[in-house]
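Content type compact mmCIF, C-alpha atoms and all ligand atoms, from the file run-v3.txt:
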# COMPACT_ATOMS: atom_id res chain seq x y z
CA VAL A 1 145.70 131.16 149.86
CA GLY A 2 146.80 132.67 153.19
CA SER A 3 146.39 130.90 156.49
CA ASP A 4 143.26 132.99 157.11
CA GLY A 5 141.66 131.63 153.95
CA CYS A 6 141.96 134.94 152.09
CA ILE A 7 143.63 135.32 148.73
CA SER A 8 145.03 138.78 148.67
CA PRO A 9 147.32 140.61 146.32
CA GLU A 10 149.98 142.99 147.34
CA ILE A 11 148.25 146.39 147.14
CA ALA A 12 151.18 148.18 145.53
CA ARG A 13 149.33 151.50 145.38
CA LEU A 14 148.80 151.59 149.15
CA SER A 15 152.05 150.30 150.51
CA TYR A 16 155.02 148.15 149.73
CA GLU A 17 154.45 145.35 152.13
CA GLU A 18 152.10 142.46 151.35
CA TRP A 19 148.61 143.35 152.66
CA ARG A 20 146.58 140.38 153.84
CA LEU A 21 142.84 140.76 153.74
CA ASN A 22 141.89 139.39 157.11
CA PRO A 23 138.15 139.63 157.85
CA SER A 24 138.94 140.83 161.35
CA GLU A 25 140.63 143.87 159.78
CA LEU A 26 137.48 144.84 157.92
CA LEU A 27 135.05 147.31 159.43
CA PHE A 28 131.56 147.67 157.93
CA LEU A 29 130.43 151.31 157.94
CA LYS A 30 127.26 151.66 155.88
CA GLU A 31 125.20 150.02 153.16
CA LEU A 32 125.86 151.42 149.66
CA GLY A 33 123.25 149.47 147.73
CA ARG A 34 122.23 146.11 146.40
CA GLY A 35 124.33 144.54 143.69
CA GLN A 36 123.79 141.52 141.52
CA PHE A 37 125.26 139.27 144.19
CA GLY A 38 124.11 140.93 147.38
CA VAL A 39 124.45 143.98 149.57
CA VAL A 40 127.45 146.27 148.99
CA TYR A 41 128.92 148.12 151.98
CA LEU A 42 131.31 150.98 152.51
CA GLY A 43 133.98 149.68 154.83
CA LYS A 44 137.36 150.42 156.29
CA TRP A 45 140.35 148.19 156.14
CA LYS A 46 142.88 148.37 158.97
CA GLU A 47 140.93 151.41 160.23
CA THR A 48 142.44 153.59 157.52
CA ILE A 49 141.57 152.53 154.00
CA LYS A 50 138.09 153.08 152.61
CA VAL A 51 136.92 150.04 150.65
CA ALA A 52 133.76 148.69 149.07
CA ILE A 53 132.79 145.29 150.47
CA LYS A 54 130.51 143.19 148.26
CA THR A 55 128.84 140.42 150.20
CA ILE A 56 128.00 137.46 147.98
CA ASN A 57 124.67 135.85 148.81
CA GLU A 58 124.78 132.05 148.94
CA GLY A 59 123.50 130.67 145.65
CA ALA A 60 124.01 133.94 143.77
CA MET A 61 127.48 133.18 142.44
CA SER A 62 129.47 130.18 141.18
CA GLU A 63 131.99 130.81 143.93
CA ASP A 64 134.55 128.12 143.09
CA ASP A 65 134.76 129.23 139.47
CA PHE A 66 135.04 132.86 140.65
CA MET A 67 137.78 132.05 143.17
CA GLU A 68 139.81 130.44 140.37
CA GLU A 69 139.46 133.56 138.23
CA ALA A 70 139.97 135.99 141.11
CA LYS A 71 143.71 135.29 141.15
CA LEU A 72 143.94 136.54 137.54
CA MET A 73 141.51 139.45 138.13
CA MET A 74 143.66 140.78 140.96
CA LYS A 75 146.59 141.06 138.58
CA LEU A 76 144.51 143.38 136.36
CA SER A 77 145.49 146.86 137.47
CA HIS A 78 144.82 150.12 135.65
CA PRO A 79 143.84 153.68 136.71
CA LYS A 80 140.49 153.30 134.91
CA LEU A 81 139.57 149.90 136.35
CA VAL A 82 138.04 149.57 139.83
CA GLN A 83 140.85 147.72 141.62
CA LEU A 84 140.04 144.33 143.16
CA TYR A 85 141.84 144.28 146.52
CA GLY A 86 141.04 140.83 147.80
CA VAL A 87 138.53 138.10 148.45
CA CYS A 88 137.71 136.59 151.82
CA THR A 89 136.64 132.97 151.67
CA HIS A 90 137.13 132.52 155.42
CA HIS A 91 133.41 132.31 156.08
CA LYS A 92 130.04 132.71 154.39
CA PRO A 93 129.04 135.02 152.81
CA LEU A 94 132.08 135.53 150.65
CA TYR A 95 133.43 139.11 150.66
CA VAL A 96 134.80 140.75 147.53
CA VAL A 97 136.75 143.86 148.51
CA THR A 98 137.50 146.62 146.01
CA GLU A 99 138.68 150.18 145.78
CA PHE A 100 135.91 152.57 147.01
CA MET A 101 134.35 154.95 144.48
CA GLU A 102 132.82 157.91 146.32
CA ASN A 103 130.31 159.00 143.68
CA GLY A 104 128.65 155.66 143.02
CA CYS A 105 127.60 154.17 139.76
CA LEU A 106 127.86 156.17 136.52
CA LEU A 107 124.19 155.67 135.59
CA ASN A 108 122.89 157.29 138.77
CA TYR A 109 125.62 159.96 138.57
CA LEU A 110 124.42 160.98 135.07
CA ARG A 111 120.78 161.04 136.16
CA GLN A 112 121.54 163.02 139.34
CA ARG A 113 123.44 165.66 137.30
CA ARG A 114 121.16 165.88 134.26
CA GLY A 115 121.55 169.27 132.58
CA LYS A 116 124.66 170.15 134.58
CA LEU A 117 127.37 168.22 132.72
CA GLY A 118 129.08 169.85 129.71
CA ARG A 119 129.70 167.93 126.48
CA ASP A 120 133.45 168.02 127.20
CA VAL A 121 132.83 166.29 130.56
CA LEU A 122 130.59 163.68 128.88
CA LEU A 123 133.29 162.98 126.28
CA ARG A 124 136.00 162.65 128.97
CA MET A 125 133.83 160.07 130.78
CA CYS A 126 133.69 158.01 127.59
CA GLN A 127 137.47 158.34 127.27
CA ASP A 128 137.97 157.12 130.86
CA VAL A 129 135.90 153.99 130.15
CA CYS A 130 137.64 153.47 126.79
CA GLU A 131 141.08 153.58 128.45
CA GLY A 132 140.05 150.95 131.00
CA MET A 133 138.54 148.80 128.24
CA GLU A 134 141.65 149.18 126.06
CA TYR A 135 143.70 147.72 128.94
CA LEU A 136 141.27 144.76 129.21
CA GLU A 137 141.39 144.29 125.39
CA ARG A 138 145.22 144.32 125.53
CA ASN A 139 145.03 141.61 128.19
CA SER A 140 142.47 139.59 126.19
CA PHE A 141 140.01 140.01 129.05
CA ILE A 142 136.33 140.32 128.01
CA HIS A 143 133.97 142.33 130.26
CA ARG A 144 130.67 140.72 129.08
CA ASP A 145 128.42 143.30 130.76
CA LEU A 146 129.77 146.77 129.99
CA ALA A 147 127.11 149.40 130.70
CA ALA A 148 126.87 152.67 132.65
CA ARG A 149 125.40 150.71 135.60
CA ASN A 150 128.67 148.76 135.80
CA CYS A 151 130.95 151.78 135.83
CA LEU A 152 131.71 153.84 138.94
CA VAL A 153 132.74 157.45 139.64
CA ASN A 154 135.33 158.45 142.26
CA ALA A 155 135.72 161.64 144.28
CA GLU A 156 137.75 163.24 141.46
CA HIS A 157 134.89 162.46 139.05
CA ILE A 158 137.02 159.90 137.23
CA VAL A 159 134.99 157.05 135.73
CA LYS A 160 136.28 153.49 136.14
CA VAL A 161 135.10 150.13 134.78
CA SER A 162 133.79 147.71 137.40
CA ASP A 163 132.61 144.09 137.62
CA PHE A 164 134.60 143.07 134.57
CA GLY A 165 134.07 139.37 133.84
CA MET A 166 131.72 138.94 136.79
CA ALA A 167 128.74 138.14 134.57
CA ARG A 168 130.22 134.64 134.09
CA TYR A 169 129.60 133.81 137.74
CA VAL A 170 126.03 135.00 138.12
CA ILE A 171 123.63 132.22 139.03
CA ASP A 172 120.29 133.60 137.87
CA ASP A 173 118.59 132.14 134.79
CA GLU A 174 116.77 135.44 134.21
CA TYR A 175 120.19 137.02 133.73
CA ILE A 176 121.98 134.15 131.98
CA SER A 177 119.39 133.14 129.40
CA SER A 178 119.29 135.55 126.42
CA SER A 179 115.47 135.37 126.66
CA GLY A 180 115.63 136.14 130.40
CA ALA A 181 114.20 139.42 131.65
CA LYS A 182 117.56 140.47 133.13
CA PHE A 183 119.73 139.60 130.10
CA PRO A 184 121.28 142.89 128.91
CA VAL A 185 119.88 142.59 125.34
CA LYS A 186 119.95 146.39 124.81
CA TRP A 187 123.74 146.34 125.34
CA SER A 188 124.34 143.10 123.40
CA SER A 189 125.69 142.67 119.87
CA PRO A 190 123.85 140.33 117.41
CA GLU A 191 126.42 137.54 117.84
CA VAL A 192 125.89 137.76 121.61
CA PHE A 193 122.09 137.78 121.73
CA HIS A 194 121.97 135.02 119.06
CA PHE A 195 124.95 132.83 119.95
CA LYS A 196 126.50 134.24 123.18
CA LYS A 197 129.67 134.76 121.14
CA TYR A 198 131.52 137.18 123.47
CA SER A 199 134.69 139.00 122.40
CA SER A 200 136.34 142.38 122.81
CA LYS A 201 134.33 143.32 119.70
CA SER A 202 131.09 142.55 121.54
CA ASP A 203 132.40 144.74 124.40
CA ILE A 204 132.86 147.44 121.71
CA TRP A 205 129.14 147.19 120.85
CA SER A 206 128.29 147.64 124.53
CA PHE A 207 130.69 150.58 124.73
CA GLY A 208 128.75 152.28 121.90
CA VAL A 209 125.55 151.87 123.93
CA LEU A 210 127.38 153.20 127.02
CA MET A 211 128.38 156.30 124.98
CA TRP A 212 124.69 156.72 124.11
CA GLU A 213 123.79 156.42 127.83
CA VAL A 214 126.38 159.08 128.68
CA PHE A 215 125.25 161.55 125.98
CA THR A 216 121.57 161.10 126.90
CA GLU A 217 122.59 161.65 130.57
CA GLY A 218 121.32 158.25 131.67
CA LYS A 219 118.35 157.40 129.46
CA MET A 220 117.30 153.76 129.01
CA PRO A 221 118.24 152.62 125.48
CA PHE A 222 115.19 151.70 123.30
CA GLU A 223 113.12 153.08 126.18
CA THR A 224 109.70 151.96 124.96
CA LYS A 225 110.80 148.62 123.48
CA SER A 226 110.92 145.12 124.96
CA ASN A 227 114.05 142.97 124.61
CA SER A 228 112.52 140.88 121.80
CA GLU A 229 111.45 144.06 119.93
CA VAL A 230 115.06 145.31 120.24
CA VAL A 231 116.40 142.04 118.76
CA HIS A 232 114.06 142.56 115.80
CA GLU A 233 114.98 146.26 115.39
CA ILE A 234 118.73 145.57 115.46
CA SER A 235 118.35 142.61 113.07
CA GLN A 236 116.53 144.99 110.67
CA GLY A 237 119.55 147.30 110.80
CA ASN A 238 117.90 149.96 113.02
CA ARG A 239 120.10 151.67 115.63
CA LEU A 240 119.82 154.10 118.57
CA TYR A 241 119.19 157.73 117.52
CA ARG A 242 121.73 160.55 117.87
CA PRO A 243 121.46 162.06 121.39
CA HIS A 244 120.91 165.88 121.32
CA LEU A 245 124.14 166.41 123.28
CA ALA A 246 126.16 164.29 120.84
CA SER A 247 127.79 166.12 117.93
CA HIS A 248 127.79 164.34 114.58
CA PRO A 249 131.47 163.29 114.97
CA VAL A 250 130.63 161.84 118.44
CA TYR A 251 127.58 160.03 117.06
CA LYS A 252 129.73 158.64 114.22
CA VAL A 253 132.01 157.06 116.85
CA MET A 254 129.22 155.34 118.80
CA TYR A 255 127.53 154.29 115.54
CA SER A 256 130.77 152.63 114.35
CA CYS A 257 130.55 150.36 117.42
CA TRP A 258 127.22 148.96 116.15
CA HIS A 259 128.45 147.42 112.88
CA GLU A 260 126.54 144.14 112.40
CA LYS A 261 129.83 142.25 111.92
CA PRO A 262 132.41 142.24 114.75
CA GLU A 263 135.26 142.75 112.25
CA GLY A 264 133.51 145.91 111.01
CA ARG A 265 133.78 147.52 114.48
CA PRO A 266 136.83 149.44 115.77
CA THR A 267 139.12 148.18 118.56
CA PHE A 268 139.38 150.00 121.90
CA ALA A 269 142.96 150.88 120.94
CA GLU A 270 141.64 152.65 117.83
CA LEU A 271 138.76 154.27 119.78
CA THR A 272 141.06 155.86 122.37
CA VAL A 273 142.90 157.63 119.51
CA THR A 274 139.63 158.70 117.84
CA LEU A 275 138.16 160.03 121.11
CA THR A 276 141.36 161.92 121.94
CA ASP A 277 141.31 163.54 118.48
CA LEU A 278 137.67 164.58 119.10
CA THR A 279 138.66 166.24 122.38
CA GLU A 280 141.37 168.25 120.66
CA MET A 281 138.87 169.22 117.94
CA THR A 282 136.03 170.48 120.15
C1 LIG B 301 125.71 141.62 136.63
S1 LIG B 301 127.32 141.81 137.18
O1 LIG B 301 128.09 142.47 136.16
O2 LIG B 301 127.82 140.53 137.56
C2 LIG B 301 127.30 142.85 138.58
C3 LIG B 301 126.85 144.17 138.48
C4 LIG B 301 126.84 145.03 139.61
C5 LIG B 301 127.26 144.56 140.86
C6 LIG B 301 127.30 145.44 142.07
O3 LIG B 301 128.01 145.14 143.00
N1 LIG B 301 126.54 146.63 142.05
C7 LIG B 301 126.59 147.61 143.06
C8 LIG B 301 125.39 147.97 143.74
C9 LIG B 301 125.43 148.98 144.71
C10 LIG B 301 126.59 149.65 145.02
C11 LIG B 301 127.78 149.28 144.36
C12 LIG B 301 129.04 149.98 144.64
C13 LIG B 301 130.23 149.32 144.39
N2 LIG B 301 131.37 150.02 144.61
C14 LIG B 301 132.67 149.66 144.42
C15 LIG B 301 133.41 150.75 144.75
N3 LIG B 301 132.62 151.76 145.15
C16 LIG B 301 131.36 151.31 145.05
C17 LIG B 301 130.12 151.94 145.29
N4 LIG B 301 130.15 153.26 145.69
C18 LIG B 301 129.09 154.06 146.07
C19 LIG B 301 127.76 153.70 145.89
C20 LIG B 301 126.75 154.57 146.27
C21 LIG B 301 127.06 155.81 146.85
C22 LIG B 301 125.97 156.74 147.29
O4 LIG B 301 125.34 156.47 148.28
N5 LIG B 301 125.68 157.84 146.57
C23 LIG B 301 124.57 158.72 146.96
C24 LIG B 301 124.99 160.18 146.88
O5 LIG B 301 125.56 160.47 145.62
C25 LIG B 301 126.73 159.71 145.42
C26 LIG B 301 126.42 158.22 145.38
C27 LIG B 301 128.38 156.19 147.03
C28 LIG B 301 129.39 155.31 146.65
N6 LIG B 301 128.97 151.27 145.09
C29 LIG B 301 127.76 148.24 143.38
C30 LIG B 301 127.74 143.19 140.94
C31 LIG B 301 127.74 142.37 139.81
Written as C-alpha cells, that's how I'd like the structure from this file.
Amino acid sequence: VGSDGCISPEIARLSYEEWRLNPSELLFLKELGRGQFGVVYLGKWKETIKVAIKTINEGAMSEDDFMEEAKLMMKLSHPKLVQLYGVCTHHKPLYVVTEFMENGCLLNYLRQRRGKLGRDVLLRMCQDVCEGMEYLERNSFIHRDLAARNCLVNAEHIVKVSDFGMARYVIDDEYISSSGAKFPVKWSSPEVFHFKKYSSKSDIWSFGVLMWEVFTEGKMPFETKSNSEVVHEISQGNRLYRPHLASHPVYKVMYSCWHEKPEGRPTFAELTVTLTDLTEMT
C-alpha cells in the first residue's frame, strides 16, 4: 500500500512508469449511474486519462475482504475485461477506479439499438464476452454474476466483462440470499440456486443466458415469471426459448450451457472455438 493509502498497479497499457492512484489526481466530471455499491462517475486521472470512478457507499461492501482480493484482481488483465486501475482507501467512501467504457452497459446498449444490430454483430458481442470469460476460467477466477448488465461497451463497440468477483463483497441480504428479490436466479444454474455451488461451469450457465439476452436485444429472461417459478421451470427441465434472431446453431450453443449437470456443459475454452466456427459459417 502506497504512502497515500492507495494500492495501485502499474498501468502497463498507459505508460511504463508506476502510476500511483492519488485521490488528489482524480477529477470527477459527471455521474454515469448508480451501481450496486453506489454512484459511478466519469472522471479524469492526471487531467488526461478518462476513468470510471465507483464510489462505495459505507455498509454496501465488505471492504476489508475486497481490499484483500483487489491485489489479485488488478493482476487480471485482458482486452475483454474492464481493467481495474486502482483502489483508493485514503478516505471514505472508497473509490474503485477502472478503465472507462464510453457506451455504457451492454443491456442498455442492446435496448437502445433494438432492430439496428445485425446477427453478425450480436454473435461478435458474445465472442467478446466469451474471450474475457475464457481468460478468467484459465485463471480459475469465477465471476459469480455474469449478465448483460455486468458487461460494458467501449467507443469501438467492443464488449468487456466487468465486476468479476464483486458479488462476493455485496452486503445486501436481498442480493445474497437465493430467496432474495435481487438474487440473479434467472442467470443461476441449479447447483447455484440450490447450494450456491459456484464454478466456471456455473458462469457458463450464466453465459448462456447472456447469449439469450444478446439475441433478444435485451429482453428480461422468463419475463412473466417470478424467481421461484423459474426455479420450478428449470427443475422441470424447461429452458429459455430460441430468440428469433438466433439461428439454430446459435441456439444449440446457448442451450448447451444449460445442461442440468455442470460436467455436461462446455468450457469457455471450447465455446470460443465453437463461436469462432459459427462466425466463419454464417
Ligand atoms: C452486483 S455486482 O456484480 O457486485 C455489481 C454490478 C454493477 C456495478 C456497477 O458499478 N454498475 C454501474 C452502474 C452505472 C454505471 C456503471 C459504469 C461503469 N463503468 C466502468 C467503465 N465505464 C463505465 C460506465 N460507462 C458509462 C455508463 C453510462 C454512459 C451513458 O451515459 N450512456 C448514455 C448514452 O449512451 C451511452 C451510455 C456512458 C458510459 N458505467 C456501472 C457494481 C457491482
* **Residue among A:Leu76, A:Val273, A:Glu280, A:Ser226 lying closest to Arg138 (chain A), counting all atoms listed in the file** =>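 Using all atoms listed in the file, the shortest distance to Arg138 (chain A) belongs to A:Leu76.
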Would you mind listing, for every residue of region 201-247 of chain A within 10 Å of region 144-153 of chain A, the two atoms forming the shortest contact and the distance between them in Å to one decimal, using only C-alpha atoms, sorted by chain and ascending residue number, as JSON lines?
{"residue": "A:Ser202", "atom": "CA", "partner": "A:Arg144", "partner_atom": "CA", "distance": 7.8}
{"residue": "A:Asp203", "atom": "CA", "partner": "A:Arg144", "partner_atom": "CA", "distance": 6.4}
{"residue": "A:Ile204", "atom": "CA", "partner": "A:Leu146", "partner_atom": "CA", "distance": 8.9}
{"residue": "A:Trp205", "atom": "CA", "partner": "A:Leu146", "partner_atom": "CA", "distance": 9.2}
{"residue": "A:Ser206", "atom": "CA", "partner": "A:Leu146", "partner_atom": "CA", "distance": 5.7}
{"residue": "A:Phe207", "atom": "CA", "partner": "A:Leu146", "partner_atom": "CA", "distance": 6.6}
{"residue": "A:Gly208", "atom": "CA", "partner": "A:Ala147", "partner_atom": "CA", "distance": 9.4}
{"residue": "A:Val209", "atom": "CA", "partner": "A:Ala147", "partner_atom": "CA", "distance": 7.4}
{"residue": "A:Leu210", "atom": "CA", "partner": "A:Ala147", "partner_atom": "CA", "distance": 5.3}
{"residue": "A:Met211", "atom": "CA", "partner": "A:Ala148", "partner_atom": "CA", "distance": 8.6}
{"residue": "A:Trp212", "atom": "CA", "partner": "A:Ala148", "partner_atom": "CA", "distance": 9.7}
{"residue": "A:Glu213", "atom": "CA", "partner": "A:Ala148", "partner_atom": "CA", "distance": 6.8}
{"residue": "A:Val214", "atom": "CA", "partner": "A:Ala148", "partner_atom": "CA", "distance": 7.6}
{"residue": "A:Gly218", "atom": "CA", "partner": "A:Ala148", "partner_atom": "CA", "distance": 7.9}
Taking a cut-off of 7 Å and counting only C-alpha atoms and all ligand atoms, can you build a table that, for each residue of chain A near ligand LIG 301 (chain B), reports the nearest atom pair and how far apart they are in Å (one decimal), sorted by chain then residue number, as a tab-separated table?
residue	atom	partner	partner_atom	distance
A:Leu32	CA	B:LIG301	C20	4.7
A:Gly33	CA	B:LIG301	C9	3.8
A:Arg34	CA	B:LIG301	C8	4.5
A:Gly35	CA	B:LIG301	N1	3.5
A:Gln36	CA	B:LIG301	C30	4.3
A:Phe37	CA	B:LIG301	C30	5.7
A:Val40	CA	B:LIG301	C10	5.3
A:Val51	CA	B:LIG301	C15	6.9
A:Ala52	CA	B:LIG301	C15	4.8
A:Lys54	CA	B:LIG301	O3	6.1
A:Val82	CA	B:LIG301	C15	6.9
A:Thr98	CA	B:LIG301	C14	5.9
A:Glu99	CA	B:LIG301	C15	5.4
A:Phe100	CA	B:LIG301	C15	3.8
A:Met101	CA	B:LIG301	N3	3.7
A:Glu102	CA	B:LIG301	C28	4.3
A:Asn103	CA	B:LIG301	C25	4.0
A:Gly104	CA	B:LIG301	C18	3.5
A:Cys105	CA	B:LIG301	C19	6.2
A:Tyr109	CA	B:LIG301	C25	6.9
A:Asp145	CA	B:LIG301	O1	5.5
A:Asn150	CA	B:LIG301	C3	5.6
A:Leu152	CA	B:LIG301	N3	6.6
A:Asp163	CA	B:LIG301	O1	5.0
A:Phe164	CA	B:LIG301	O1	6.7
A:Met166	CA	B:LIG301	O2	4.3
A:Ala167	CA	B:LIG301	O2	3.9
A:Tyr169	CA	B:LIG301	O2	7.0
A:Val170	CA	B:LIG301	O2	5.8
* **Best match for closeness to Arg119 (chain A) among A:Trp187, A:Trp258, A:Phe141, A:Phe215, counting all atoms listed in the file** =>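 Among the listed residues, the smallest separation from Arg119 (chain A) belongs to A:Phe215.
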* **Nearest residue to Arg124 (chain A) from the set A:Thr279, A:Gln236, A:Ser177, A:Asn154 (distances using only C-alpha atoms)** => A:Thr279
* Work out how far CA of Thr272 (chain A) is from CA of Cys130 (chain A), in Å to one decimal. =>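 Separation between CA of Cys130 (chain A) and CA of Thr272 (chain A): 6.1 Å.
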* Using all atoms listed in the file, collect all residues at a distance of at most 8 Å from (119.1, 150.2, 121.3) as written in the file, then present them as number ranges by chain. => A: 186-187, 209, 221-222, 230, 234, 239-240
* To do: Measure the distance from CA of Leu29 (chain A) to CA of Met125 (chain A) in Å and round it to one decimal.
  => 28.7 Å
